[in-house]
Every structure is written in structure tokens, then in C-alpha cells.
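Raw structure_34.cif, mmCIF, C-alpha atoms; chains and numbers go by the auth columns:
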```cif
data_entry
loop_
_atom_site.group_PDB
_atom_site.id
_atom_site.type_symbol
_atom_site.label_atom_id
_atom_site.label_comp_id
_atom_site.label_asym_id
_atom_site.label_seq_id
_atom_site.Cartn_x
_atom_site.Cartn_y
_atom_site.Cartn_z
_atom_site.B_iso_or_equiv
_atom_site.auth_seq_id
_atom_site.auth_asym_id
ATOM 1 C CA MET A 1 -55.073 46.618 -16.574 0.00 28 P
ATOM 2 C CA PRO A 2 -53.354 43.662 -14.862 0.00 29 P
ATOM 3 C CA LYS A 3 -50.560 44.072 -12.335 0.00 30 P
ATOM 4 C CA LEU A 4 -47.378 42.048 -12.823 0.00 31 P
ATOM 5 C CA VAL A 5 -46.185 39.866 -9.959 0.00 32 P
ATOM 6 C CA PHE A 6 -42.800 38.112 -10.202 0.00 33 P
ATOM 7 C CA THR A 7 -41.653 34.778 -8.816 0.00 34 P
ATOM 8 C CA ASN A 8 -38.262 34.685 -7.131 0.00 35 P
ATOM 9 C CA GLU A 9 -36.852 33.045 -10.255 0.00 36 P
ATOM 10 C CA ALA A 10 -38.116 35.850 -12.511 0.00 37 P
ATOM 11 C CA LYS A 11 -36.789 38.486 -10.098 0.00 38 P
ATOM 12 C CA SER A 12 -33.405 36.759 -10.125 0.00 39 P
ATOM 13 C CA VAL A 13 -33.251 36.779 -13.933 0.00 40 P
ATOM 14 C CA LEU A 14 -34.035 40.519 -13.999 0.00 41 P
ATOM 15 C CA GLN A 15 -31.402 41.220 -11.344 0.00 42 P
ATOM 16 C CA ASP A 16 -28.812 39.190 -13.255 0.00 43 P
ATOM 17 C CA LEU A 17 -29.554 41.078 -16.477 0.00 44 P
ATOM 18 C CA ALA A 18 -29.407 44.442 -14.704 0.00 45 P
ATOM 19 C CA SER A 19 -26.108 43.653 -12.992 0.00 46 P
ATOM 20 C CA GLN A 20 -24.163 42.795 -16.151 0.00 47 P
ATOM 21 C CA PRO A 21 -23.486 45.538 -18.717 0.00 48 P
ATOM 22 C CA GLN A 22 -23.213 43.061 -21.603 0.00 49 P
ATOM 23 C CA PHE A 23 -26.942 42.274 -21.159 0.00 50 P
ATOM 24 C CA GLU A 24 -28.125 45.893 -21.414 0.00 51 P
ATOM 25 C CA LYS A 25 -29.752 45.347 -24.823 0.00 52 P
ATOM 26 C CA LYS A 26 -31.472 42.139 -23.660 0.00 53 P
ATOM 27 C CA LEU A 27 -32.744 43.907 -20.523 0.00 54 P
ATOM 28 C CA ARG A 28 -34.267 46.694 -22.647 0.00 55 P
ATOM 29 C CA LYS A 29 -36.098 44.094 -24.758 0.00 56 P
ATOM 30 C CA VAL A 30 -37.351 42.290 -21.647 0.00 57 P
ATOM 31 C CA ARG A 31 -38.605 45.512 -20.072 0.00 58 P
ATOM 32 C CA LYS A 32 -40.381 46.494 -23.286 0.00 59 P
ATOM 33 C CA ALA A 33 -42.090 43.082 -23.481 0.00 60 P
ATOM 34 C CA LEU A 34 -43.084 43.298 -19.792 0.00 61 P
ATOM 35 C CA ALA A 35 -44.641 46.722 -20.415 0.00 62 P
ATOM 36 C CA PHE A 36 -46.656 45.283 -23.320 0.00 63 P
ATOM 37 C CA LEU A 37 -47.688 42.334 -21.133 0.00 64 P
ATOM 38 C CA GLU A 38 -48.859 44.595 -18.330 0.00 65 P
ATOM 39 C CA ASN A 39 -50.846 46.812 -20.697 0.00 66 P
ATOM 40 C CA ASP A 40 -52.330 44.077 -22.878 0.00 67 P
ATOM 41 C CA PRO A 41 -51.335 40.383 -22.699 0.00 68 P
ATOM 42 C CA ARG A 42 -52.837 40.002 -26.189 0.00 69 P
ATOM 43 C CA HIS A 43 -50.567 42.647 -27.710 0.00 70 P
ATOM 44 C CA PRO A 44 -49.706 41.330 -31.207 0.00 71 P
ATOM 45 C CA GLY A 45 -45.960 41.888 -30.722 0.00 72 P
ATOM 46 C CA LEU A 46 -45.924 39.452 -27.812 0.00 73 P
ATOM 47 C CA ASN A 47 -47.452 36.616 -29.816 0.00 74 P
ATOM 48 C CA SER A 48 -48.729 35.209 -26.494 0.00 75 P
ATOM 49 C CA HIS A 49 -49.913 31.618 -26.609 0.00 76 P
ATOM 50 C CA LYS A 50 -50.616 28.799 -24.179 0.00 77 P
ATOM 51 C CA TYR A 51 -47.623 26.683 -23.347 0.00 78 P
ATOM 52 C CA THR A 52 -48.861 23.111 -23.238 0.00 79 P
ATOM 53 C CA SER A 53 -46.106 21.379 -21.258 0.00 80 P
ATOM 54 C CA LEU A 54 -46.276 23.588 -18.123 0.00 81 P
ATOM 55 C CA ARG A 55 -48.930 24.363 -15.521 0.00 82 P
ATOM 56 C CA GLY A 56 -48.947 27.020 -12.801 0.00 83 P
ATOM 57 C CA GLU A 57 -48.688 26.188 -9.088 0.00 84 P
ATOM 58 C CA ALA A 58 -52.458 25.897 -8.794 0.00 85 P
ATOM 59 C CA GLY A 59 -52.873 24.238 -12.190 0.00 86 P
ATOM 60 C CA GLN A 60 -53.297 27.472 -14.161 0.00 87 P
ATOM 61 C CA ASP A 61 -52.669 27.596 -17.874 0.00 88 P
ATOM 62 C CA VAL A 62 -49.161 28.907 -18.533 0.00 89 P
ATOM 63 C CA TRP A 63 -48.559 31.253 -21.427 0.00 90 P
ATOM 64 C CA ASP A 64 -45.403 32.322 -23.173 0.00 91 P
ATOM 65 C CA SER A 65 -44.813 35.652 -24.842 0.00 92 P
ATOM 66 C CA TYR A 66 -42.042 36.802 -27.120 0.00 93 P
ATOM 67 C CA VAL A 67 -39.189 38.978 -25.954 0.00 94 P
ATOM 68 C CA GLU A 68 -37.404 38.221 -29.223 0.00 95 P
ATOM 69 C CA ASN A 69 -38.283 36.390 -32.387 0.00 96 P
ATOM 70 C CA GLN A 70 -36.361 34.862 -35.270 0.00 97 P
ATOM 71 C CA THR A 71 -33.070 34.878 -33.427 0.00 98 P
ATOM 72 C CA PRO A 72 -31.114 31.896 -32.093 0.00 99 P
ATOM 73 C CA GLY A 73 -31.974 31.315 -28.436 0.00 100 P
ATOM 74 C CA ALA A 74 -34.862 33.808 -28.603 0.00 101 P
ATOM 75 C CA TRP A 75 -36.076 34.796 -25.147 0.00 102 P
ATOM 76 C CA ARG A 76 -39.599 34.324 -23.822 0.00 103 P
ATOM 77 C CA ILE A 77 -41.627 35.365 -20.796 0.00 104 P
ATOM 78 C CA PHE A 78 -43.507 32.502 -19.142 0.00 105 P
ATOM 79 C CA TRP A 79 -46.520 33.613 -17.123 0.00 106 P
ATOM 80 C CA HIS A 80 -50.025 32.821 -15.903 0.00 107 P
ATOM 81 C CA TYR A 81 -53.073 34.758 -14.800 0.00 108 P
ATOM 82 C CA GLY A 82 -53.565 35.200 -11.044 0.00 109 P
ATOM 83 C CA PRO A 83 -53.384 34.280 -8.273 0.00 110 P
ATOM 84 C CA ASN A 84 -55.678 37.283 -7.679 0.00 111 P
ATOM 85 C CA ASP A 85 -57.951 39.137 -10.042 0.00 112 P
ATOM 86 C CA HIS A 86 -56.160 41.550 -12.334 0.00 113 P
ATOM 87 C CA GLN A 87 -52.758 39.939 -11.711 0.00 114 P
ATOM 88 C CA ILE A 88 -50.287 38.242 -14.003 0.00 115 P
ATOM 89 C CA THR A 89 -47.559 36.143 -12.405 0.00 116 P
ATOM 90 C CA VAL A 90 -44.302 36.096 -14.350 0.00 117 P
ATOM 91 C CA ILE A 91 -42.832 32.647 -13.710 0.00 118 P
ATOM 92 C CA THR A 92 -39.529 33.051 -15.504 0.00 119 P
ATOM 93 C CA ILE A 93 -37.822 34.853 -18.375 0.00 120 P
ATOM 94 C CA GLY A 94 -35.258 33.210 -20.591 0.00 121 P
ATOM 95 C CA PRO A 95 -34.355 31.415 -23.807 0.00 122 P
ATOM 96 C CA HIS A 96 -37.042 29.383 -25.494 0.00 123 P
ATOM 97 C CA PRO A 97 -36.484 25.751 -24.545 0.00 124 P
#
```

Please express what this file holds, its structure, as C-alpha cells.
Amino acid sequence: MPKLVFTNEAKSVLQDLASQPQFEKKLRKVRKALAFLENDPRHPGLNSHKYTSLRGEAGQDVWDSYVENQTPGAWRIFWHYGPNDHQITVITIGPHP
């Protein structure tokens, strides 16, 4: 099972969500999606797929996974495998561009 590692940007998004009561529902959805990601990046509910217009710091393939679907401004988790074995780096979390 991979371990999640967060960039400073991803940590900041989580802190912002946690610090504002109006984002409680969004934070629950994000945490649920992160749990799925940590247990199985191919979980069908995440609908994970390669994101073609981004690359990781070391040129890794970047993936995006659903936090929400079929909602305006649906949120996604952007991530890549590594840098070490059995790690997933969460780059950022936010609305689908």
C-alpha cells in the first residue's frame, strides 16, 4: 500500500479547508478520496487518469483523481508516483481547471 506525501501547496489547501467551517463538506470528500488513493490509486470511484499537460518535478507522469464528479467546479487531486518506492506525492487539490 503506498504512503501519501504532500507538497507544501497540497498541505496548504488541506489547512485552508480545515480552518473554514463552510468547507467542512468539501474536506470530508477530499479526505475520503485521499483514503481511496492511499489504499488503491485505481479505485473505480477515483476515476484516476494521466493528466497530459503536467509533469512531476523529475518528469513523472501526473495523474488526476476525482474528489467530485458532475458538479460545477468539481475538485480533483493531482498526484504522481514517487519519489520513493511505495509513495504517492499529492501535488495539489482543487477545482478541475

Spell out the residues picked by the PyMOL selection byres ((chain P and resi 51-68) around 12) here, as a VMD selection string. chain P and resid 28 to 33 37 40 to 50 69 to 77 90 to 96 100 to 108 113 to 117 119 to 122

Suppose we keep C-alpha atoms; can you now write the selection as a PDB file, in the coordinates of the input?
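Okay, part.pdb is ready:
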```
ATOM      1  CA  MET P  28     -55.073  46.618 -16.574  1.00  0.00           C
ATOM      2  CA  PRO P  29     -53.354  43.662 -14.862  1.00  0.00           C
ATOM      3  CA  LYS P  30     -50.560  44.072 -12.335  1.00  0.00           C
ATOM      4  CA  LEU P  31     -47.378  42.048 -12.823  1.00  0.00           C
ATOM      5  CA  VAL P  32     -46.185  39.866  -9.959  1.00  0.00           C
ATOM      6  CA  PHE P  33     -42.800  38.112 -10.202  1.00  0.00           C
ATOM      7  CA  ALA P  37     -38.116  35.850 -12.511  1.00  0.00           C
ATOM      8  CA  VAL P  40     -33.251  36.779 -13.933  1.00  0.00           C
ATOM      9  CA  LEU P  41     -34.035  40.519 -13.999  1.00  0.00           C
ATOM     10  CA  GLN P  42     -31.402  41.220 -11.344  1.00  0.00           C
ATOM     11  CA  ASP P  43     -28.812  39.190 -13.255  1.00  0.00           C
ATOM     12  CA  LEU P  44     -29.554  41.078 -16.477  1.00  0.00           C
ATOM     13  CA  ALA P  45     -29.407  44.442 -14.704  1.00  0.00           C
ATOM     14  CA  SER P  46     -26.108  43.653 -12.992  1.00  0.00           C
ATOM     15  CA  GLN P  47     -24.163  42.795 -16.151  1.00  0.00           C
ATOM     16  CA  PRO P  48     -23.486  45.538 -18.717  1.00  0.00           C
ATOM     17  CA  GLN P  49     -23.213  43.061 -21.603  1.00  0.00           C
ATOM     18  CA  PHE P  50     -26.942  42.274 -21.159  1.00  0.00           C
ATOM     19  CA  ARG P  69     -52.837  40.002 -26.189  1.00  0.00           C
ATOM     20  CA  HIS P  70     -50.567  42.647 -27.710  1.00  0.00           C
ATOM     21  CA  PRO P  71     -49.706  41.330 -31.207  1.00  0.00           C
ATOM     22  CA  GLY P  72     -45.960  41.888 -30.722  1.00  0.00           C
ATOM     23  CA  LEU P  73     -45.924  39.452 -27.812  1.00  0.00           C
ATOM     24  CA  ASN P  74     -47.452  36.616 -29.816  1.00  0.00           C
ATOM     25  CA  SER P  75     -48.729  35.209 -26.494  1.00  0.00           C
ATOM     26  CA  HIS P  76     -49.913  31.618 -26.609  1.00  0.00           C
ATOM     27  CA  LYS P  77     -50.616  28.799 -24.179  1.00  0.00           C
ATOM     28  CA  TRP P  90     -48.559  31.253 -21.427  1.00  0.00           C
ATOM     29  CA  ASP P  91     -45.403  32.322 -23.173  1.00  0.00           C
ATOM     30  CA  SER P  92     -44.813  35.652 -24.842  1.00  0.00           C
ATOM     31  CA  TYR P  93     -42.042  36.802 -27.120  1.00  0.00           C
ATOM     32  CA  VAL P  94     -39.189  38.978 -25.954  1.00  0.00           C
ATOM     33  CA  GLU P  95     -37.404  38.221 -29.223  1.00  0.00           C
ATOM     34  CA  ASN P  96     -38.283  36.390 -32.387  1.00  0.00           C
ATOM     35  CA  GLY P 100     -31.974  31.315 -28.436  1.00  0.00           C
ATOM     36  CA  ALA P 101     -34.862  33.808 -28.603  1.00  0.00           C
ATOM     37  CA  TRP P 102     -36.076  34.796 -25.147  1.00  0.00           C
ATOM     38  CA  ARG P 103     -39.599  34.324 -23.822  1.00  0.00           C
ATOM     39  CA  ILE P 104     -41.627  35.365 -20.796  1.00  0.00           C
ATOM     40  CA  PHE P 105     -43.507  32.502 -19.142  1.00  0.00           C
ATOM     41  CA  TRP P 106     -46.520  33.613 -17.123  1.00  0.00           C
ATOM     42  CA  HIS P 107     -50.025  32.821 -15.903  1.00  0.00           C
ATOM     43  CA  TYR P 108     -53.073  34.758 -14.800  1.00  0.00           C
ATOM     44  CA  HIS P 113     -56.160  41.550 -12.334  1.00  0.00           C
ATOM     45  CA  GLN P 114     -52.758  39.939 -11.711  1.00  0.00           C
ATOM     46  CA  ILE P 115     -50.287  38.242 -14.003  1.00  0.00           C
ATOM     47  CA  THR P 116     -47.559  36.143 -12.405  1.00  0.00           C
ATOM     48  CA  VAL P 117     -44.302  36.096 -14.350  1.00  0.00           C
ATOM     49  CA  THR P 119     -39.529  33.051 -15.504  1.00  0.00           C
ATOM     50  CA  ILE P 120     -37.822  34.853 -18.375  1.00  0.00           C
ATOM     51  CA  GLY P 121     -35.258  33.210 -20.591  1.00  0.00           C
ATOM     52  CA  PRO P 122     -34.355  31.415 -23.807  1.00  0.00           C
TER      53      PRO P 122
END
```

What is the atom CA of P:Pro99-atom CA of P:Gln87 distance in Å, reported with one decimal?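 Atom-to-atom, atom CA of P:Pro99 and atom CA of P:Gln87 are spaced 28.9 Å apart.
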
First collect every listed atom of stretch 97-114 of chain P; then fit an axis-aligned box around them, widen it by 3 Å on each side, and give centre and edge lengths in Å to one decimal, as JSON.
```
{"center_x": -44.5, "center_y": 36.4, "center_z": -21.5, "size_x": 32.8, "size_y": 16.2, "size_z": 33.6}
```

Would you mind reading off the distance between atom CA of P:Arg82 and atom CA of P:Lys38, one decimal, in Å? 19.4 Å

In Å, how far is it from atom CA of P:Pro110 to atom CA of P:Pro124? 25.0 Å

Out of P:Tyr78, P:Ala85, P:Ser39, P:His123, which residue has the shortest atom-to-atom distance to P:Gly109 when counting all atoms listed in the file?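 Among P:Tyr78, P:Ala85, P:Ser39, P:His123, it is P:Ala85 that comes nearest to P:Gly109.
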
Considering all atoms listed in the file, state which residue in the set P:Asp88, P:Thr79, P:Ile118, P:Asp112 is at the smallest distance from P:Thr34.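 Of all the options, P:Ile118 lies closest to P:Thr34.
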